[in-house]
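**Q** Provided herewith: run-v1.tsv, TSV, C-alpha atoms and all ligand atoms.
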chain	number	residue	atom	x	y	z
A	1	MET	CA	0.00	0.00	0.00
A	2	SER	CA	1.51	3.30	-0.95
A	3	ALA	CA	0.93	6.57	0.86
A	4	LYS	CA	-2.26	8.36	-0.09
A	5	VAL	CA	-1.91	11.17	-2.63
A	6	PHE	CA	-3.40	14.66	-2.52
A	7	ASP	CA	-4.89	15.88	-5.82
A	8	SER	CA	-4.25	19.63	-5.84
A	9	HIS	CA	-6.41	20.25	-8.93
A	10	ALA	CA	-9.55	18.41	-10.08
A	11	HIS	CA	-12.81	19.62	-11.64
A	12	MET	CA	-15.41	17.33	-10.14
A	13	ASP	CA	-18.06	19.84	-11.26
A	14	SER	CA	-17.46	18.74	-14.86
A	15	ASP	CA	-20.47	17.19	-16.57
A	16	TYR	CA	-18.25	14.14	-17.20
A	17	PHE	CA	-19.14	13.23	-13.60
A	18	ASP	CA	-22.88	13.95	-13.78
A	19	ALA	CA	-23.85	10.28	-14.00
A	20	ASP	CA	-21.87	8.99	-11.02
A	21	ARG	CA	-20.39	11.94	-9.09
A	22	GLU	CA	-21.54	10.73	-5.66
A	23	GLU	CA	-20.11	7.24	-6.20
A	24	VAL	CA	-16.79	8.69	-7.36
A	25	PHE	CA	-16.63	10.97	-4.30
A	26	ALA	CA	-17.47	8.04	-2.01
A	27	ARG	CA	-14.60	5.99	-3.46
A	28	LEU	CA	-12.20	8.94	-3.35
A	29	GLY	CA	-12.84	9.32	0.36
A	30	GLN	CA	-11.05	5.98	0.77
A	31	GLU	CA	-8.47	6.40	-2.00
A	32	ILE	CA	-6.87	9.84	-1.59
A	33	ALA	CA	-5.58	12.11	1.19
A	34	GLY	CA	-7.58	15.06	-0.12
A	35	MET	CA	-8.30	17.26	-3.13
A	36	ILE	CA	-8.89	20.83	-4.25
A	37	ASN	CA	-11.68	21.61	-6.72
A	38	PRO	CA	-10.95	24.93	-8.44
A	39	GLY	CA	-13.78	27.02	-9.90
A	40	CYS	CA	-13.76	28.61	-13.35
A	41	ASP	CA	-16.72	31.02	-12.94
A	42	ASN	CA	-19.45	31.79	-10.35
A	43	GLU	CA	-21.38	28.59	-10.92
A	44	THR	CA	-18.44	26.19	-10.69
A	45	SER	CA	-16.92	28.09	-7.76
A	46	LEU	CA	-20.19	27.62	-5.87
A	47	LYS	CA	-20.26	23.93	-6.80
A	48	ALA	CA	-16.73	23.57	-5.44
A	49	ILE	CA	-17.88	25.10	-2.15
A	50	THR	CA	-20.84	22.72	-2.01
A	51	TYR	CA	-18.57	19.67	-2.49
A	52	ALA	CA	-16.22	21.01	0.19
A	53	GLU	CA	-19.15	21.36	2.58
A	54	THR	CA	-20.33	17.82	1.79
A	55	TYR	CA	-17.03	15.91	1.89
A	56	ALA	CA	-14.40	16.40	4.59
A	57	PHE	CA	-11.47	15.61	2.25
A	58	VAL	CA	-12.53	18.17	-0.41
A	59	TYR	CA	-11.42	21.82	-0.46
A	60	ALA	CA	-12.52	24.60	-2.80
A	61	ALA	CA	-10.76	27.28	-4.83
A	62	ILE	CA	-12.77	30.08	-6.41
A	63	GLY	CA	-12.13	32.27	-9.42
A	64	TRP	CA	-12.70	33.09	-13.08
A	65	HIS	CA	-10.74	31.10	-15.66
A	66	ALA	CA	-9.14	32.99	-18.57
A	67	GLN	CA	-11.47	31.25	-21.03
A	68	GLU	CA	-14.56	32.44	-19.12
A	69	VAL	CA	-13.75	36.10	-18.42
A	70	LEU	CA	-15.90	37.45	-21.28
A	71	ARG	CA	-18.87	36.72	-18.97
A	72	MET	CA	-17.26	38.10	-15.82
A	73	LYS	CA	-18.72	41.31	-14.36
A	74	ASP	CA	-17.18	43.78	-11.93
A	75	GLU	CA	-19.57	42.72	-9.17
A	76	ASP	CA	-18.30	39.14	-9.47
A	77	LEU	CA	-15.11	40.26	-7.73
A	78	LYS	CA	-17.21	41.24	-4.72
A	79	LYS	CA	-18.78	37.79	-4.73
A	80	LEU	CA	-15.38	36.10	-4.82
A	81	GLU	CA	-14.26	38.26	-1.92
A	82	GLU	CA	-17.30	37.25	0.11
A	83	TRP	CA	-16.90	33.53	-0.70
A	84	SER	CA	-13.17	33.66	0.09
A	85	GLN	CA	-14.07	33.91	3.79
A	86	HIS	CA	-15.53	30.38	3.76
A	87	PRO	CA	-13.37	28.10	5.97
A	88	LYS	CA	-12.89	25.57	3.15
A	89	VAL	CA	-12.07	28.05	0.38
A	90	VAL	CA	-8.29	27.67	0.32
A	91	ALA	CA	-7.22	29.60	-2.81
A	92	ILE	CA	-8.19	31.98	-5.61
A	93	GLY	CA	-8.20	29.95	-8.83
A	94	GLU	CA	-8.02	28.84	-11.32
A	95	ILE	CA	-7.03	32.15	-12.85
A	96	GLY	CA	-4.52	33.11	-15.51
A	97	LEU	CA	-3.97	33.54	-19.22
A	98	ASP	CA	-4.83	31.25	-22.12
A	99	TYR	CA	-3.57	32.20	-25.58
A	100	TYR	CA	-4.09	28.77	-27.12
A	101	TYR	CA	-7.59	29.20	-28.51
A	102	ASP	CA	-8.33	31.81	-31.18
A	103	ASP	CA	-11.84	32.44	-29.81
A	104	SER	CA	-10.70	33.15	-26.24
A	105	ALA	CA	-11.34	36.51	-24.62
A	106	PRO	CA	-9.11	39.34	-25.91
A	107	ARG	CA	-5.69	39.29	-24.27
A	108	ASP	CA	-6.13	42.73	-22.69
A	109	LEU	CA	-9.33	41.62	-21.00
A	110	GLN	CA	-7.71	38.38	-19.81
A	111	LYS	CA	-4.84	40.34	-18.28
A	112	LYS	CA	-7.18	42.87	-16.64
A	113	ARG	CA	-9.34	40.19	-14.98
A	114	PHE	CA	-6.27	38.18	-14.02
A	115	ILE	CA	-4.59	41.13	-12.31
A	116	GLU	CA	-7.83	42.04	-10.51
A	117	GLN	CA	-8.02	38.51	-9.11
A	118	LEU	CA	-4.34	38.58	-8.11
A	119	ASP	CA	-5.09	41.79	-6.21
A	120	LEU	CA	-8.02	40.08	-4.53
A	121	ALA	CA	-5.82	37.13	-3.48
A	122	ARG	CA	-3.37	39.55	-1.91
A	123	LYS	CA	-6.17	41.40	-0.16
A	124	VAL	CA	-7.76	38.26	1.35
A	125	ASP	CA	-4.36	36.63	1.91
A	126	LEU	CA	-5.00	33.45	-0.09
A	127	PRO	CA	-2.66	31.62	-2.49
A	128	VAL	CA	-3.41	31.55	-6.22
A	129	ILE	CA	-3.81	28.62	-8.62
A	130	ILE	CA	-2.44	29.71	-11.98
A	131	HIS	CA	-3.43	28.53	-15.45
A	132	ASP	CA	-0.85	29.49	-18.09
A	133	ARG	CA	-1.33	28.17	-21.60
A	134	ASP	CA	0.95	29.56	-24.30
A	135	ALA	CA	1.22	32.84	-22.39
A	136	HIS	CA	4.56	32.37	-20.60
A	137	GLY	CA	6.02	35.77	-21.59
A	138	ASP	CA	3.07	37.87	-20.42
A	139	MET	CA	2.75	35.70	-17.32
A	140	LEU	CA	6.32	36.36	-16.24
A	141	ASP	CA	5.89	40.08	-16.96
A	142	ILE	CA	2.79	40.22	-14.79
A	143	PHE	CA	4.47	38.45	-11.89
A	144	HIS	CA	7.56	40.61	-12.15
A	145	ASN	CA	5.39	43.74	-12.04
A	146	GLU	CA	2.40	42.72	-9.90
A	147	GLY	CA	3.54	39.59	-8.10
A	148	LYS	CA	4.63	41.09	-4.82
A	149	GLY	CA	3.21	39.42	-1.74
A	150	LEU	CA	1.64	36.56	-3.70
A	151	ARG	CA	2.15	32.83	-3.29
A	152	GLY	CA	0.74	30.02	-5.35
A	153	VAL	CA	1.10	27.17	-7.79
A	154	PHE	CA	1.49	27.01	-11.57
A	155	HIS	CA	-0.89	24.15	-12.22
A	156	CYS	CA	-0.07	21.58	-14.90
A	157	TYR	CA	3.25	23.30	-15.45
A	158	SER	CA	4.19	23.42	-19.13
A	159	GLY	CA	7.01	25.96	-19.31
A	160	SER	CA	10.76	25.56	-19.65
A	161	VAL	CA	13.37	24.87	-16.96
A	162	GLU	CA	14.47	28.51	-17.34
A	163	MET	CA	10.99	29.81	-16.56
A	164	ALA	CA	10.70	27.33	-13.68
A	165	LYS	CA	13.90	28.77	-12.21
A	166	GLU	CA	12.35	32.26	-12.24
A	167	LEU	CA	9.10	31.07	-10.68
A	168	LEU	CA	10.90	29.08	-8.00
A	169	LYS	CA	12.92	32.18	-7.17
A	170	MET	CA	9.63	34.04	-6.68
A	171	GLY	CA	8.53	31.30	-4.28
A	172	PHE	CA	6.04	29.50	-6.50
A	173	TYR	CA	5.18	25.82	-6.45
A	174	LEU	CA	4.82	23.78	-9.65
A	175	GLY	CA	1.92	21.38	-10.21
A	176	PHE	CA	2.50	18.22	-12.26
A	177	GLY	CA	-0.31	16.18	-13.76
A	178	GLY	CA	-1.06	13.44	-16.25
A	179	SER	CA	0.65	15.27	-19.08
A	180	SER	CA	4.00	14.58	-17.38
A	181	THR	CA	3.44	10.87	-18.13
A	182	PHE	CA	2.84	11.36	-21.87
A	183	LYS	CA	5.37	9.93	-24.28
A	184	ASN	CA	6.19	13.31	-25.87
A	185	ALA	CA	6.51	15.18	-22.55
A	186	GLU	CA	10.31	15.26	-22.30
A	187	LYS	CA	10.25	19.01	-21.61
A	188	VAL	CA	7.93	18.64	-18.60
A	189	ARG	CA	9.98	15.71	-17.34
A	190	SER	CA	13.17	17.78	-17.51
A	191	VAL	CA	11.46	20.32	-15.22
A	192	LEU	CA	10.20	17.52	-12.98
A	193	LYS	CA	13.77	16.33	-12.62
A	194	TYR	CA	15.00	19.82	-11.80
A	195	VAL	CA	12.44	21.18	-9.33
A	196	PRO	CA	13.31	20.86	-5.63
A	197	GLU	CA	11.25	18.34	-3.68
A	198	ASP	CA	9.73	21.02	-1.46
A	199	ARG	CA	8.05	22.78	-4.43
A	200	ILE	CA	6.30	19.84	-6.11
A	201	LEU	CA	2.53	19.41	-6.12
A	202	PHE	CA	0.65	16.60	-7.83
A	203	GLU	CA	-2.69	16.89	-9.58
A	204	THR	CA	-4.94	15.32	-12.20
A	205	ASP	CA	-6.89	18.26	-13.72
A	206	SER	CA	-9.71	15.69	-13.90
A	207	PRO	CA	-11.60	14.89	-16.04
A	208	TYR	CA	-8.88	15.81	-18.57
A	209	LEU	CA	-5.23	14.86	-19.18
A	210	THR	CA	-5.56	11.28	-17.95
A	211	PRO	CA	-2.16	9.73	-17.19
A	212	VAL	CA	-0.68	6.80	-19.08
A	213	PRO	CA	-1.85	4.00	-19.40
A	214	TYR	CA	-5.43	5.37	-19.25
A	215	ARG	CA	-4.86	8.28	-21.63
A	216	GLY	CA	-8.07	9.07	-23.53
A	217	LYS	CA	-10.37	7.80	-20.77
A	218	ARG	CA	-12.01	9.96	-18.10
A	219	ASN	CA	-9.53	11.09	-15.46
A	220	ASN	CA	-10.27	11.03	-11.73
A	221	PRO	CA	-8.34	12.19	-8.63
A	222	ALA	CA	-7.32	8.64	-7.62
A	223	LEU	CA	-5.04	8.57	-10.68
A	224	THR	CA	-2.83	11.20	-9.00
A	225	LEU	CA	-1.04	8.08	-7.76
A	226	LEU	CA	0.11	7.27	-11.32
A	227	VAL	CA	1.42	10.83	-11.69
A	228	ALA	CA	3.36	10.51	-8.44
A	229	GLN	CA	4.73	7.07	-9.35
A	230	ASN	CA	5.96	8.41	-12.68
A	231	ALA	CA	7.53	11.44	-10.95
A	232	ALA	CA	9.37	9.18	-8.50
A	233	LEU	CA	10.68	7.13	-11.43
A	234	VAL	CA	11.82	10.26	-13.31
A	235	ARG	CA	13.53	11.62	-10.19
A	236	GLY	CA	14.93	8.26	-9.11
A	237	THR	CA	13.42	8.58	-5.67
A	238	ASP	CA	11.12	6.69	-3.32
A	239	VAL	CA	7.46	7.15	-4.24
A	240	ASP	CA	6.03	7.13	-0.71
A	241	ALA	CA	8.51	9.72	0.51
A	242	LEU	CA	7.72	11.90	-2.52
A	243	ILE	CA	3.96	11.58	-1.97
A	244	GLU	CA	4.31	12.51	1.69
A	245	LYS	CA	6.51	15.47	0.85
A	246	SER	CA	4.07	16.74	-1.78
A	247	THR	CA	1.17	16.53	0.68
A	248	GLU	CA	3.27	18.47	3.17
A	249	ASN	CA	3.84	21.06	0.39
A	250	VAL	CA	0.08	21.30	-0.21
A	251	LYS	CA	-0.52	22.11	3.45
A	252	LYS	CA	2.29	24.62	3.55
A	253	LEU	CA	0.94	26.50	0.53
A	254	PHE	CA	-2.80	26.19	1.21
A	255	GLN	CA	-2.75	27.08	4.87
A	256	LYS	CA	-6.49	26.64	5.41
A	257	ILE	CA	-6.15	22.90	4.73
A	258	ILE	CA	-5.94	20.91	7.93
A	301	NI	NI	-8.06	23.13	-14.39
Output the file's structure in the form of structure tokens.
**A**
Amino acid sequence: MSAKVFDSHAHMDSDYFDADREEVFARLGQEIAGMINPGCDNETSLKAITYAETYAFVYAAIGWHAQEVLRMKDEDLKKLEEWSQHPKVVAIGEIGLDYYYDDSAPRDLQKKRFIEQLDLARKVDLPVIIHDRDAHGDMLDIFHNEGKGLRGVFHCYSGSVEMAKELLKMGFYLGFGGSSTFKNAEKVRSVLKYVPEDRILFETDSPYLTPVPYRGKRNNPALTLLVAQNAALVRGTDVDALIEKSTENVKKLFQKII
């Protein structure tokens, strides 16, 4: 029996879980040490809070995802601020920049809403969960200019070792998920090899990015174990020790988790 893993990023609100969400949660209660469900808008942030209220091992993060910010209104920031006071809301996220899709919100709007939510995180003293897809340059600029007093994790880290060095210097954690097990993921694995043990978080980003050998099927937080096993192999280290360290990291970063 290996140590139980903590999934620092899973979207159990996804409609992929509509048919059997309660059964999956019931199993997860036995299988994992805990999990964080990040929100992507008002609705999913509220769902995350509901799950956290229902299941002791579930924690919520709240925020507006870069791909959703066209619908975000100024008053939504007030709502996030109010919800952030909930004892099981442990972070603002997931928030960030996504330049991958052509039909995403305009970059200026993404940056504006992102910076507003970073300011909120600073104000309510919560860590941030960052989504960065094909926006590494602007992301680093923003953290160099507006990053003071912030702590957080780059979830499903996809940048270079050079960028990782800069983020680690700023105190950030890096989240590794199923994509680090993919055959073509040499770049991510080179970061995984490099990052110090006390900055590693594991995650699934369920229901997406399912680790090998289940790639293509629905992901679920229990598969964080496969991510951790692969990471231990890549780093040439003991898997249980690495799992325990990463759970310690989770609790250090997300201080409202007990
Ligand atoms: Ni996500």
**Q** Could you tell me, counting only C-alpha atoms and all ligand atoms, which protein and nucleic acid residues lie no more than 8 Å from ligand NI 301 (chain A), written as JSON, numbers by chain?
**A** {"A": [9, 10, 11, 38, 40, 94, 131, 155, 205, 206]}
**Q** Do you know which residues are at most 8 Å from Arg199 in chain A counting only C-alpha atoms, after dropping those on the same chain fewer than 4 positions away, and could you put them as an mmCIF file with C-alpha atoms, in the coordinates of the input?
**A**
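result.cif, written as the output of this step:
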data_model
loop_
_atom_site.group_PDB
_atom_site.id
_atom_site.type_symbol
_atom_site.label_atom_id
_atom_site.label_comp_id
_atom_site.auth_asym_id
_atom_site.auth_seq_id
_atom_site.Cartn_x
_atom_site.Cartn_y
_atom_site.Cartn_z
ATOM 1 C CA LEU A 168 10.900 29.080 -8.000
ATOM 2 C CA PHE A 172 6.040 29.500 -6.500
ATOM 3 C CA TYR A 173 5.180 25.820 -6.450
ATOM 4 C CA LEU A 174 4.820 23.780 -9.650
ATOM 5 C CA VAL A 195 12.440 21.180 -9.330
ATOM 6 C CA SER A 246 4.070 16.740 -1.780
ATOM 7 C CA ASN A 249 3.840 21.060 0.390
#
**Q** Do you have the CA of Ser2 in chain A-CA of Tyr208 in chain A distance handy?
**A**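 Rounded to one decimal, the two atoms are 24.0 Å apart.
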**Q** Would you please work out which residue, of A:Glu244, A:Thr181, A:Gln110, A:Ile257, is nearest to Ala231 in chain A when using only C-alpha atoms?
**A**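 Distance minimum relative to Ala231 in chain A lands on A:Thr181.
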**Q** Could you list, as number ranges by chain, every residue within 12 Å of Lys123 in chain A, counting all atoms listed in the file and ignoring same-chain residues fewer than 6 positions away?
**A** A: 77-78, 80-82, 84-85, 92, 116-117, 148-150
**Q** Rounded to one decimal in Å, what is the spacing between CA of Ile95 in chain A and CA of Lys187 in chain A?
**A**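 Distance between the two atoms: 23.4 Å.
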**Q** Report, in Å to a single decimal, how far apart CA of Lys4 in chain A and CA of Ala33 in chain A are.
**A**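 So the answer is 5.2 Å.
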**Q** Under the rule that all atoms listed in the file are counted, which of A:His65, A:Tyr51, A:Asn184, A:Ile36 is the nearest residue to Arg21 in chain A?
**A**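 For Arg21 in chain A, the nearest of the given residues is A:Tyr51.
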**Q** A:Phe25, A:Phe176, A:Tyr59, A:Phe182: which is nearest Pro87 in chain A, counting all atoms listed in the file?
**A**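 The shortest atom-to-atom distance to Pro87 in chain A comes from A:Tyr59.
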**Q** Do you know which residues are at most 10 Å from Ile62 in chain A counting all atoms listed in the file, after dropping those on the same chain fewer than 4 positions away, and could you put them as a PyMOL selection string?
**A** chain A and resi 37-49+79-81+83-84+89-95+128-129
**Q** Tell me which residues come within 7 Å of (-2.8, 13.5, -7.7), as a ChimeraX atom specification, counting all atoms listed in the file in the file's coordinates.
**A** /A:5-8,202-204,221-225,227-228
**Q** So, with only C-alpha atoms as the atoms that count, which of A:Ala121, A:Ile200, A:Leu226, A:Val239 lies closest to Gly175 in chain A?
**A**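 Of all the options, A:Ile200 lies closest to Gly175 in chain A.
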**Q** Could you check the closest approach to Asn230 in chain A for each of A:Ser180, A:Thr210, A:Thr247, A:Gln255 and tell me which residue wins, using only C-alpha atoms?
**A**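 For Asn230 in chain A, the nearest of the candidates is A:Ser180.
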**Q** So, counting only C-alpha atoms, which residue among A:Val234, A:Ile130, A:Ile32, A:Leu109 is closest to Val69 in chain A?
**A**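 Looking at the shortest contact to Val69 in chain A, the residue is A:Leu109.
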**Q** Hey, can you pull every residue with an atom no more than 9 Å from (-6.7, 32.2, -20.9), using all atoms listed in the file, and send it as a count of residues only?
**A** 22
**Q** Give me the box for range 91-98 of chain A as lines of an AutoDock Vina configuration file, namely the centre and edge lengths in Å to one decimal of a box along x, y and z that holds every listed atom plus 5 Å on each side.
**A**
center_x = -6.1
center_y = 31.2
center_z = -12.5
size_x = 14.2
size_y = 14.7
size_z = 29.3
